[in-house]
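Colleague: My structure is in start.pdb, and what it holds is PDB, C-alpha atoms, pLDDT in the B column:
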```pdb
ATOM      1  CA  MET A 299     119.014 -92.374-127.574  1.00 88.00           C
ATOM      2  CA  LYS A 300     117.969 -95.210-129.881  1.00 95.00           C
ATOM      3  CA  LYS A 301     119.805 -93.696-132.827  1.00 96.00           C
ATOM      4  CA  TYR A 302     122.944 -93.195-130.737  1.00 97.00           C
ATOM      5  CA  LEU A 303     122.827 -96.810-129.574  1.00 97.00           C
ATOM      6  CA  ALA A 304     122.286 -97.889-133.169  1.00 97.00           C
ATOM      7  CA  GLU A 305     125.461 -96.052-134.161  1.00 97.00           C
ATOM      8  CA  MET A 306     127.315 -97.767-131.326  1.00 98.00           C
ATOM      9  CA  VAL A 307     126.147-101.222-132.389  1.00 97.00           C
ATOM     10  CA  GLY A 308     126.832-100.550-136.060  1.00 97.00           C
ATOM     11  CA  THR A 309     130.354 -99.307-135.420  1.00 98.00           C
ATOM     12  CA  MET A 310     131.026-102.258-133.126  1.00 97.00           C
ATOM     13  CA  VAL A 311     130.037-104.641-135.915  1.00 97.00           C
ATOM     14  CA  LEU A 312     132.161-102.748-138.452  1.00 97.00           C
ATOM     15  CA  VAL A 313     135.272-102.967-136.275  1.00 96.00           C
ATOM     16  CA  LEU A 314     134.621-106.544-135.167  1.00 96.00           C
ATOM     17  CA  MET A 315     134.119-107.838-138.701  1.00 96.00           C
ATOM     18  CA  GLY A 316     136.472-105.535-140.596  1.00 95.00           C
ATOM     19  CA  CYS A 317     139.416-105.456-138.211  1.00 94.00           C
ATOM     20  CA  GLY A 318     138.697-109.036-137.191  1.00 92.00           C
ATOM     21  CA  SER A 319     139.118-110.159-140.783  1.00 92.00           C
ATOM     22  CA  ALA A 320     142.592-108.584-140.826  1.00 89.00           C
ATOM     23  CA  VAL A 321     143.579-110.094-137.492  1.00 88.00           C
ATOM     24  CA  PHE A 322     142.373-113.637-138.097  1.00 85.00           C
ATOM     25  CA  ASN A 323     143.613-113.736-141.682  1.00 81.00           C
ATOM     26  CA  PHE A 324     147.072-112.770-140.371  1.00 73.00           C
ATOM     27  CA  GLY A 325     147.284-109.340-141.944  1.00 74.00           C
ATOM     28  CA  CYS A 326     147.061-107.953-145.455  1.00 79.00           C
ATOM     29  CA  GLY A 327     150.311-109.129-146.993  1.00 80.00           C
ATOM     30  CA  THR A 328     148.814-110.927-150.004  1.00 87.00           C
ATOM     31  CA  THR A 329     146.265-110.013-152.653  1.00 91.00           C
ATOM     32  CA  ALA A 330     143.832-112.544-151.221  1.00 91.00           C
ATOM     33  CA  GLN A 331     144.160-111.034-147.755  1.00 90.00           C
ATOM     34  CA  VAL A 332     143.636-107.516-149.095  1.00 93.00           C
ATOM     35  CA  LEU A 333     140.487-108.569-150.940  1.00 95.00           C
ATOM     36  CA  THR A 334     139.204-110.471-147.906  1.00 94.00           C
ATOM     37  CA  VAL A 335     139.601-107.490-145.593  1.00 94.00           C
ATOM     38  CA  ALA A 336     138.202-105.058-148.170  1.00 96.00           C
ATOM     39  CA  MET A 337     135.106-107.211-148.587  1.00 97.00           C
ATOM     40  CA  ALA A 338     134.692-107.592-144.822  1.00 96.00           C
ATOM     41  CA  PHE A 339     134.609-103.838-144.274  1.00 97.00           C
ATOM     42  CA  GLY A 340     132.333-103.209-147.247  1.00 97.00           C
ATOM     43  CA  LEU A 341     129.899-105.989-146.405  1.00 97.00           C
ATOM     44  CA  SER A 342     129.763-104.794-142.797  1.00 97.00           C
ATOM     45  CA  VAL A 343     128.594-101.397-144.025  1.00 97.00           C
ATOM     46  CA  VAL A 344     126.007-102.967-146.320  1.00 97.00           C
ATOM     47  CA  ALA A 345     124.677-105.209-143.552  1.00 97.00           C
ATOM     48  CA  MET A 346     124.458-102.401-141.019  1.00 97.00           C
ATOM     49  CA  ALA A 347     122.930-100.001-143.542  1.00 96.00           C
ATOM     50  CA  TYR A 348     119.937-102.275-143.873  1.00 95.00           C
ATOM     51  CA  ALA A 349     119.896-103.175-140.171  1.00 95.00           C
ATOM     52  CA  ILE A 350     120.092 -99.705-138.576  1.00 96.00           C
ATOM     53  CA  GLY A 351     119.846 -97.297-141.511  1.00 94.00           C
ATOM     54  CA  GLY A 352     116.195 -96.626-140.758  1.00 93.00           C
ATOM     55  CA  ILE A 353     117.065 -95.725-137.158  1.00 96.00           C
ATOM     56  CA  SER A 354     120.204 -93.595-137.357  1.00 95.00           C
ATOM     57  CA  GLY A 355     121.107 -93.379-141.034  1.00 93.00           C
ATOM     58  CA  CYS A 356     124.023 -95.761-140.367  1.00 96.00           C
ATOM     59  CA  HIS A 357     126.933 -93.351-140.362  1.00 97.00           C
ATOM     60  CA  ILE A 358     129.100 -95.628-138.161  1.00 97.00           C
ATOM     61  CA  ASN A 359     132.004 -93.319-138.986  1.00 97.00           C
ATOM     62  CA  PRO A 360     132.803 -89.859-137.550  1.00 97.00           C
ATOM     63  CA  ALA A 361     133.991 -88.734-140.994  1.00 97.00           C
ATOM     64  CA  ILE A 362     130.590 -89.535-142.487  1.00 97.00           C
ATOM     65  CA  THR A 363     128.930 -87.715-139.604  1.00 97.00           C
ATOM     66  CA  LEU A 364     131.117 -84.657-140.180  1.00 97.00           C
ATOM     67  CA  GLY A 365     130.227 -84.710-143.871  1.00 96.00           C
ATOM     68  CA  MET A 366     126.543 -84.858-142.991  1.00 96.00           C
ATOM     69  CA  LEU A 367     126.947 -82.037-140.459  1.00 96.00           C
ATOM     70  CA  LEU A 368     128.684 -79.771-142.971  1.00 96.00           C
ATOM     71  CA  SER A 369     125.974 -80.623-145.500  1.00 94.00           C
ATOM     72  CA  LYS A 370     123.335 -79.597-142.946  1.00 93.00           C
ATOM     73  CA  ARG A 371     121.719 -83.012-142.777  1.00 94.00           C
ATOM     74  CA  ILE A 372     122.330 -83.436-139.051  1.00 95.00           C
ATOM     75  CA  GLY A 373     122.486 -81.001-136.147  1.00 95.00           C
ATOM     76  CA  GLY A 374     125.557 -80.265-134.060  1.00 96.00           C
ATOM     77  CA  ARG A 375     124.348 -82.019-130.901  1.00 96.00           C
ATOM     78  CA  ASP A 376     123.376 -85.155-132.771  1.00 96.00           C
ATOM     79  CA  ALA A 377     126.684 -85.116-134.645  1.00 97.00           C
ATOM     80  CA  ALA A 378     128.661 -84.933-131.392  1.00 97.00           C
ATOM     81  CA  MET A 379     126.643 -87.753-129.846  1.00 98.00           C
ATOM     82  CA  TYR A 380     126.967 -89.864-132.982  1.00 97.00           C
ATOM     83  CA  MET A 381     130.752 -89.516-132.877  1.00 97.00           C
ATOM     84  CA  LEU A 382     130.887 -90.340-129.177  1.00 97.00           C
ATOM     85  CA  PHE A 383     128.829 -93.498-129.535  1.00 98.00           C
ATOM     86  CA  GLN A 384     130.726 -94.514-132.661  1.00 98.00           C
ATOM     87  CA  VAL A 385     133.982 -94.439-130.698  1.00 97.00           C
ATOM     88  CA  ILE A 386     132.361 -96.377-127.854  1.00 97.00           C
ATOM     89  CA  GLY A 387     131.175 -98.996-130.335  1.00 97.00           C
ATOM     90  CA  ALA A 388     134.640 -99.218-131.847  1.00 97.00           C
ATOM     91  CA  PHE A 389     136.124 -99.852-128.401  1.00 96.00           C
ATOM     92  CA  ILE A 390     133.630-102.647-127.803  1.00 97.00           C
ATOM     93  CA  GLY A 391     134.514-104.252-131.143  1.00 96.00           C
ATOM     94  CA  SER A 392     138.249-103.931-130.488  1.00 94.00           C
ATOM     95  CA  ALA A 393     137.874-105.317-126.978  1.00 93.00           C
ATOM     96  CA  LEU A 394     136.087-108.370-128.354  1.00 93.00           C
ATOM     97  CA  ILE A 395     138.840-108.983-130.904  1.00 91.00           C
ATOM     98  CA  TYR A 396     141.524-108.524-128.269  1.00 87.00           C
ATOM     99  CA  ALA A 397     139.744-110.882-125.874  1.00 87.00           C
ATOM    100  CA  ILE A 398     139.400-113.563-128.534  1.00 85.00           C
ATOM    101  CA  VAL A 399     143.021-113.319-129.667  1.00 81.00           C
ATOM    102  CA  THR A 400     144.528-113.312-126.201  1.00 76.00           C
ATOM    103  CA  GLY A 401     142.088-115.925-124.961  1.00 71.00           C
ATOM    104  CA  ILE A 402     142.819-118.524-127.636  1.00 67.00           C
ATOM    105  CA  ASP A 403     146.498-119.121-127.134  1.00 58.00           C
ATOM    106  CA  ALA A 404     149.461-116.939-126.282  1.00 55.00           C
ATOM    107  CA  GLY A 405     151.446-118.397-129.157  1.00 55.00           C
ATOM    108  CA  PHE A 406     148.617-117.697-131.585  1.00 57.00           C
ATOM    109  CA  ALA A 407     148.396-114.088-130.436  1.00 54.00           C
ATOM    110  CA  SER A 408     152.140-113.713-130.896  1.00 57.00           C
ATOM    111  CA  TYR A 409     151.917-115.273-134.354  1.00 56.00           C
ATOM    112  CA  ILE A 410     149.249-112.802-135.389  1.00 56.00           C
ATOM    113  CA  ALA A 411     151.284-109.893-134.067  1.00 54.00           C
ATOM    114  CA  GLN A 412     154.240-110.974-136.194  1.00 54.00           C
ATOM    115  CA  GLY A 413     152.333-112.347-139.143  1.00 47.00           C
ATOM    116  CA  GLY A 414     152.774-109.586-141.699  1.00 43.00           C
ATOM    117  CA  ALA A 415     151.596-106.162-142.743  1.00 41.00           C
ATOM    118  CA  PHE A 416     149.017-104.723-140.347  1.00 43.00           C
ATOM    119  CA  ALA A 417     148.718-108.046-138.513  1.00 47.00           C
ATOM    120  CA  THR A 418     148.316-106.559-135.042  1.00 61.00           C
ATOM    121  CA  THR A 419     146.151-108.107-132.377  1.00 70.00           C
ATOM    122  CA  THR A 420     143.440-105.506-133.056  1.00 79.00           C
ATOM    123  CA  GLY A 421     143.854-104.536-136.727  1.00 86.00           C
ATOM    124  CA  ALA A 422     145.248-101.092-135.899  1.00 89.00           C
ATOM    125  CA  ASN A 423     146.286 -98.756-138.710  1.00 91.00           C
ATOM    126  CA  ALA A 424     149.864 -97.762-139.503  1.00 90.00           C
ATOM    127  CA  CYS A 425     151.719 -96.616-142.578  1.00 92.00           C
ATOM    128  CA  GLN A 426     153.154 -99.520-144.512  1.00 89.00           C
ATOM    129  CA  PRO A 427     156.964 -99.786-144.282  1.00 89.00           C
ATOM    130  CA  GLY A 428     158.453 -97.352-146.782  1.00 92.00           C
ATOM    131  CA  VAL A 429     155.362 -95.119-146.787  1.00 94.00           C
ATOM    132  CA  SER A 430     156.071 -91.682-145.309  1.00 95.00           C
ATOM    133  CA  LEU A 431     153.718 -90.057-142.830  1.00 96.00           C
ATOM    134  CA  GLY A 432     153.011 -87.369-145.414  1.00 96.00           C
ATOM    135  CA  ALA A 433     152.042 -89.930-148.038  1.00 97.00           C
ATOM    136  CA  GLY A 434     149.865 -91.732-145.522  1.00 96.00           C
ATOM    137  CA  LEU A 435     148.112 -88.507-144.582  1.00 97.00           C
ATOM    138  CA  VAL A 436     147.452 -87.622-148.227  1.00 98.00           C
ATOM    139  CA  ALA A 437     146.088 -91.114-148.868  1.00 97.00           C
ATOM    140  CA  GLU A 438     143.691 -90.887-145.932  1.00 98.00           C
ATOM    141  CA  ILE A 439     142.486 -87.449-147.041  1.00 98.00           C
ATOM    142  CA  VAL A 440     141.925 -88.488-150.653  1.00 98.00           C
ATOM    143  CA  PHE A 441     140.266 -91.837-150.026  1.00 98.00           C
ATOM    144  CA  THR A 442     138.060 -90.495-147.239  1.00 98.00           C
ATOM    145  CA  CYS A 443     136.989 -87.706-149.566  1.00 98.00           C
ATOM    146  CA  VAL A 444     135.968 -90.258-152.189  1.00 97.00           C
ATOM    147  CA  PHE A 445     134.143 -92.418-149.660  1.00 97.00           C
ATOM    148  CA  VAL A 446     132.252 -89.570-147.989  1.00 97.00           C
ATOM    149  CA  LEU A 447     131.369 -88.062-151.360  1.00 97.00           C
ATOM    150  CA  VAL A 448     129.723 -91.355-152.339  1.00 96.00           C
ATOM    151  CA  ALA A 449     127.845 -91.394-149.034  1.00 96.00           C
ATOM    152  CA  LEU A 450     126.611 -87.837-149.513  1.00 95.00           C
ATOM    153  CA  GLY A 451     125.523 -88.470-153.074  1.00 94.00           C
ATOM    154  CA  ALA A 452     123.950 -91.874-152.471  1.00 95.00           C
ATOM    155  CA  THR A 453     121.875 -90.644-149.520  1.00 93.00           C
ATOM    156  CA  ASP A 454     120.756 -87.344-151.030  1.00 91.00           C
ATOM    157  CA  SER A 455     116.969 -87.187-150.763  1.00 84.00           C
ATOM    158  CA  ARG A 456     116.506 -85.895-154.331  1.00 86.00           C
ATOM    159  CA  ARG A 457     119.438 -87.329-156.285  1.00 83.00           C
ATOM    160  CA  GLY A 458     120.433 -90.330-154.210  1.00 83.00           C
ATOM    161  CA  ALA A 459     120.292 -94.085-154.685  1.00 82.00           C
ATOM    162  CA  GLY A 460     117.261 -94.636-152.474  1.00 86.00           C
ATOM    163  CA  ASN A 461     117.094 -98.180-151.110  1.00 88.00           C
ATOM    164  CA  LEU A 462     120.342 -99.023-152.887  1.00 93.00           C
ATOM    165  CA  ALA A 463     122.328 -96.380-150.996  1.00 93.00           C
ATOM    166  CA  GLY A 464     123.687 -98.898-148.495  1.00 93.00           C
ATOM    167  CA  LEU A 465     124.949-101.122-151.291  1.00 95.00           C
ATOM    168  CA  ALA A 466     126.590 -98.225-153.121  1.00 95.00           C
ATOM    169  CA  ILE A 467     128.338 -96.990-149.963  1.00 96.00           C
ATOM    170  CA  GLY A 468     129.474-100.463-148.962  1.00 96.00           C
ATOM    171  CA  LEU A 469     130.906-101.197-152.401  1.00 97.00           C
ATOM    172  CA  SER A 470     132.726 -97.869-152.425  1.00 97.00           C
ATOM    173  CA  LEU A 471     134.338 -98.834-149.117  1.00 97.00           C
ATOM    174  CA  VAL A 472     135.496-102.106-150.696  1.00 98.00           C
ATOM    175  CA  LEU A 473     137.044-100.116-153.532  1.00 97.00           C
ATOM    176  CA  VAL A 474     138.784 -97.703-151.177  1.00 97.00           C
ATOM    177  CA  HIS A 475     140.232-100.562-149.131  1.00 97.00           C
ATOM    178  CA  ILE A 476     141.562-102.389-152.164  1.00 97.00           C
ATOM    179  CA  VAL A 477     143.640 -99.359-153.133  1.00 96.00           C
ATOM    180  CA  CYS A 478     144.529 -97.948-149.716  1.00 96.00           C
ATOM    181  CA  ILE A 479     145.299-101.052-147.627  1.00 95.00           C
ATOM    182  CA  PRO A 480     148.850-101.340-149.023  1.00 93.00           C
ATOM    183  CA  ILE A 481     149.458 -97.701-148.032  1.00 95.00           C
ATOM    184  CA  THR A 482     147.988 -97.245-144.549  1.00 94.00           C
ATOM    185  CA  GLY A 483     145.858-100.317-143.888  1.00 93.00           C
ATOM    186  CA  THR A 484     142.930 -98.003-144.688  1.00 95.00           C
ATOM    187  CA  SER A 485     141.171 -96.056-142.011  1.00 96.00           C
ATOM    188  CA  VAL A 486     138.881 -93.417-143.581  1.00 97.00           C
ATOM    189  CA  ASN A 487     137.172 -93.680-140.186  1.00 97.00           C
ATOM    190  CA  PRO A 488     138.636 -92.162-136.994  1.00 97.00           C
ATOM    191  CA  ALA A 489     136.606 -94.408-134.665  1.00 96.00           C
ATOM    192  CA  ARG A 490     137.835 -97.505-136.495  1.00 95.00           C
ATOM    193  CA  SER A 491     141.435 -96.347-135.869  1.00 95.00           C
ATOM    194  CA  ILE A 492     141.277 -94.916-132.351  1.00 95.00           C
ATOM    195  CA  ALA A 493     140.080 -98.020-130.521  1.00 93.00           C
ATOM    196  CA  PRO A 494     142.411-100.591-132.151  1.00 92.00           C
ATOM    197  CA  ALA A 495     145.395 -98.266-131.621  1.00 92.00           C
ATOM    198  CA  VAL A 496     144.669 -98.002-127.898  1.00 91.00           C
ATOM    199  CA  PHE A 497     144.743-101.789-127.572  1.00 88.00           C
ATOM    200  CA  ALA A 498     147.727-102.259-129.891  1.00 84.00           C
ATOM    201  CA  GLY A 499     149.958 -99.481-128.543  1.00 78.00           C
ATOM    202  CA  GLY A 500     153.426 -98.754-129.899  1.00 78.00           C
ATOM    203  CA  GLU A 501     153.869 -97.259-133.352  1.00 76.00           C
ATOM    204  CA  THR A 502     150.164 -97.362-134.088  1.00 84.00           C
ATOM    205  CA  GLN A 503     149.546 -94.772-131.363  1.00 89.00           C
ATOM    206  CA  SER A 504     152.293 -92.451-132.573  1.00 90.00           C
ATOM    207  CA  GLN A 505     150.711 -92.443-136.047  1.00 93.00           C
ATOM    208  CA  LEU A 506     147.119 -92.213-134.845  1.00 94.00           C
ATOM    209  CA  TRP A 507     146.878 -88.503-135.633  1.00 95.00           C
ATOM    210  CA  ILE A 508     147.059 -89.347-139.357  1.00 96.00           C
ATOM    211  CA  PHE A 509     143.910 -91.446-139.076  1.00 97.00           C
ATOM    212  CA  ILE A 510     142.015 -88.711-137.262  1.00 97.00           C
ATOM    213  CA  VAL A 511     143.154 -85.624-139.156  1.00 97.00           C
ATOM    214  CA  GLY A 512     143.141 -87.271-142.600  1.00 97.00           C
ATOM    215  CA  PRO A 513     139.560 -88.573-142.523  1.00 97.00           C
ATOM    216  CA  PHE A 514     138.169 -85.343-141.080  1.00 98.00           C
ATOM    217  CA  VAL A 515     139.926 -83.223-143.700  1.00 98.00           C
ATOM    218  CA  GLY A 516     138.750 -85.600-146.425  1.00 98.00           C
ATOM    219  CA  ALA A 517     135.172 -85.423-145.134  1.00 97.00           C
ATOM    220  CA  ALA A 518     135.256 -81.621-145.167  1.00 97.00           C
ATOM    221  CA  LEU A 519     136.544 -81.651-148.743  1.00 97.00           C
ATOM    222  CA  ALA A 520     133.813 -84.079-149.773  1.00 97.00           C
ATOM    223  CA  ALA A 521     131.149 -81.823-148.258  1.00 96.00           C
ATOM    224  CA  GLY A 522     132.575 -78.879-150.180  1.00 96.00           C
ATOM    225  CA  ILE A 523     132.623 -80.832-153.436  1.00 96.00           C
ATOM    226  CA  TRP A 524     129.037 -81.975-152.917  1.00 94.00           C
ATOM    227  CA  ARG A 525     127.910 -78.424-152.282  1.00 92.00           C
ATOM    228  CA  ALA A 526     129.545 -77.428-155.556  1.00 93.00           C
ATOM    229  CA  ILE A 527     128.176 -80.222-157.746  1.00 91.00           C
ATOM    230  CA  GLY A 528     124.974 -81.201-155.999  1.00 83.00           C
ATOM    231  CA  ASN A 529     124.087 -78.088-154.020  1.00 68.00           C
ATOM    232  CA  GLY A 530     124.694 -80.201-150.926  1.00 44.00           C
ATOM    233  CA  ASP A 531     121.373 -79.352-149.333  1.00 47.00           C
ATOM    234  CA  GLY A 532     120.257 -82.981-149.268  1.00 44.00           C
ATOM    235  CA  ASP A 533     117.395 -83.185-146.845  1.00 44.00           C
TER     236      ASP A 533
END
```
Show me this structure written as structure tokens.
Modeller:
Amino acid sequence: MKKYLAEMVGTMVLVLMGCGSAVFNFGCGTTAQVLTVAMAFGLSVVAMAYAIGGISGCHINPAITLGMLLSKRIGGRDAAMYMLFQVIGAFIGSALIYAIVTGIDAGFASYIAQGGAFATTTGANACQPGVSLGAGLVAEIVFTCVFVLVALGATDSRRGAGNLAGLAIGLSLVLVHIVCIPITGTSVNPARSIAPAVFAGGETQSQLWIFIVGPFVGAALAAGIWRAIGNGDGD
């Protein structure tokens, strides 16, 4: 149970800090905002990797967990419980953001909701205006594949980055966000998208399937690539 609770806490921190940076910086409409949010998500992963990595491995992302399952580094029961507690943690993080926004001032909450690209009261994902659902889905598949591939490689017991794995994974998440935020707001993590969408409602819920299907497909592709280039047997 400790490792499941660790995943819950880690995912809560990821959503609170990552999505919170988007909410309280009024979206991702400028280069500075994009970089701020990208760094917030990446640094959250780095921080949690060194806080809970020794307990649960710090997946804090169902896509990472799926990649580990397909690479035979985690069992099916643990994978299911990891995903469940990751979603629970994401809901806690989103609830905290929502409570802060709505508890400060109604006008402030309204300003955030109208403040620019992806400036919802919870940091929910949605395709940027002009981006088709198909393009958004492809982006989520591709960038999740890259992210999960880094995670699989960095944590491999024989070829990995050892104690620097958390840093490598966190920096790769920064990179992914820098490129993908202008397309979909960047999910690459179903838990990170499900909870904010529930609180935000509207269009974010109608597009939620993209941010579940895309990351899972990308994770499966990453596991296949790792099996091909690194034998994928890891631990």
Colleague: Restricting the calculation to all atoms listed in the file: of A:Trp524, A:Val486, A:Ser504, A:Ala349, which residue gets closest to Ile362 (chain A)?
Modeller: A:Val486
Colleague: Report the residues retrieved by the PyMOL selection byres ((chain A and resi 438-449) around 6) from the displayed file, expressed as a PyMOL selection string.
Modeller: chain A and resi 362+435-437+450-452+467+486+512-513+515-517+520
Colleague: Name all residues at most 10 Å from His357 (chain A) (count all atoms listed in the file; drop same-chain ones fewer than 4 positions away) and give them as a ChimeraX atom specification.
Modeller: /A:304-305,308-309,343,346-347,350-351,361-366,380-381,384,449
Colleague: Interatomic distance between CA of Val307 (chain A) and CA of Thr400 (chain A)?
Modeller: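 Spanning CA of Val307 (chain A) to CA of Thr400 (chain A) is a straight-line distance of 22.9 Å.
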Colleague: Do you know which residues are at most 9 Å from Thr453 (chain A) counting all atoms listed in the file, after dropping those on the same chain fewer than 3 positions away, and could you put them as a ChimeraX atom specification?
Modeller: /A:355,448-450,456-460,463-464,532
Colleague: Quote the spacing between CA of Arg525 (chain A) and CA of Asn359 (chain A) in Å to one decimal place.
Modeller: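 These two atoms are separated by 20.4 Å.
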Colleague: If the PyMOL selection byres ((chain A and resi 310) around 7) were run on this exact file, what residues would it hold? Put them as a PyMOL selection string.
Modeller: chain A and resi 306-309+311-314+387-388+390-391
Colleague: Any chance you could resolve the PyMOL selection byres ((chain A and resi 424) around 12) against this file and give the residues as number ranges by chain?
Modeller: A: 415-418, 420-423, 425-431, 433-435, 438, 478-485, 491-492, 494-495, 498-509
Colleague: Calculated over all atoms listed in the file, which of the candidates A:Leu368, A:Met337, A:Met379, A:Val496 has the smallest distance to Ile523 (chain A)?
Modeller: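 Nearest candidate to Ile523 (chain A) out of A:Leu368, A:Met337, A:Met379, A:Val496: A:Leu368.
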Colleague: To one decimal place in Å, what is the distance between CA of Tyr302 (chain A) and CA of Ser354 (chain A)?
Modeller: 7.2 Å
Colleague: Box time for region 472-479 of chain A: axis-aligned, enclosing all its listed atoms, 3 Å extra on each side; report centre and edge lengths in Å to one decimal, as JSON.
Modeller:
```
{"center_x": 140.4, "center_y": -100.0, "center_z": -150.6, "size_x": 15.8, "size_y": 10.7, "size_z": 11.9}
```
Colleague: Pick from A:Ala526, A:Asp454, A:Ala493, A:Gly468: nearest to Arg371 (chain A), with all atoms listed in the file counted?
Modeller: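 Result for the nearest residue to Arg371 (chain A): A:Asp454.
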Colleague: Excluding Gly318 (chain A) and any residue of its chain fewer than 2 positions from it, enumerate the residues within 10 Å of it, using only C-alpha atoms, and give them as a list in words.
Modeller: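 Non-adjacent residues within range: Val311, Leu312, Val313, Leu314, Met315, Gly316, Ala320, Val321, Phe322, Asn323, Phe324, Gly325, Val335, Ala338, Phe339, Gly391, Ser392, Leu394, Ile395, Tyr396, Ile398, Val399, Thr419, Thr420 and Gly421 of chain A.
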Colleague: I'd like the contact shell of Gly340 (chain A) - 7 Å cut-off, all atoms listed in the file, skipping same-chain residues fewer than 6 positions apart - returned as a list of chain:residue names.
Modeller: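 Once the adjacent positions are removed, what remains is A:Gly468, A:Leu469, A:Leu471, A:Val472.
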Colleague: Which of these residues is nearest to Leu333 (chain A), using all atoms listed in the file: A:Val474, A:Ala521, A:Leu303, A:Ala393?
Modeller: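 Once distances to Leu333 (chain A) are computed over all atoms listed in the file, the minimum belongs to A:Val474.
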Colleague: Would you mind telling me which residue in A:Leu519, A:Ala378, A:Phe514, A:Ile476 lies nearest to Cys326 (chain A) when using all atoms listed in the file?
Modeller: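 The answer is A:Ile476, which sits nearest to Cys326 (chain A).
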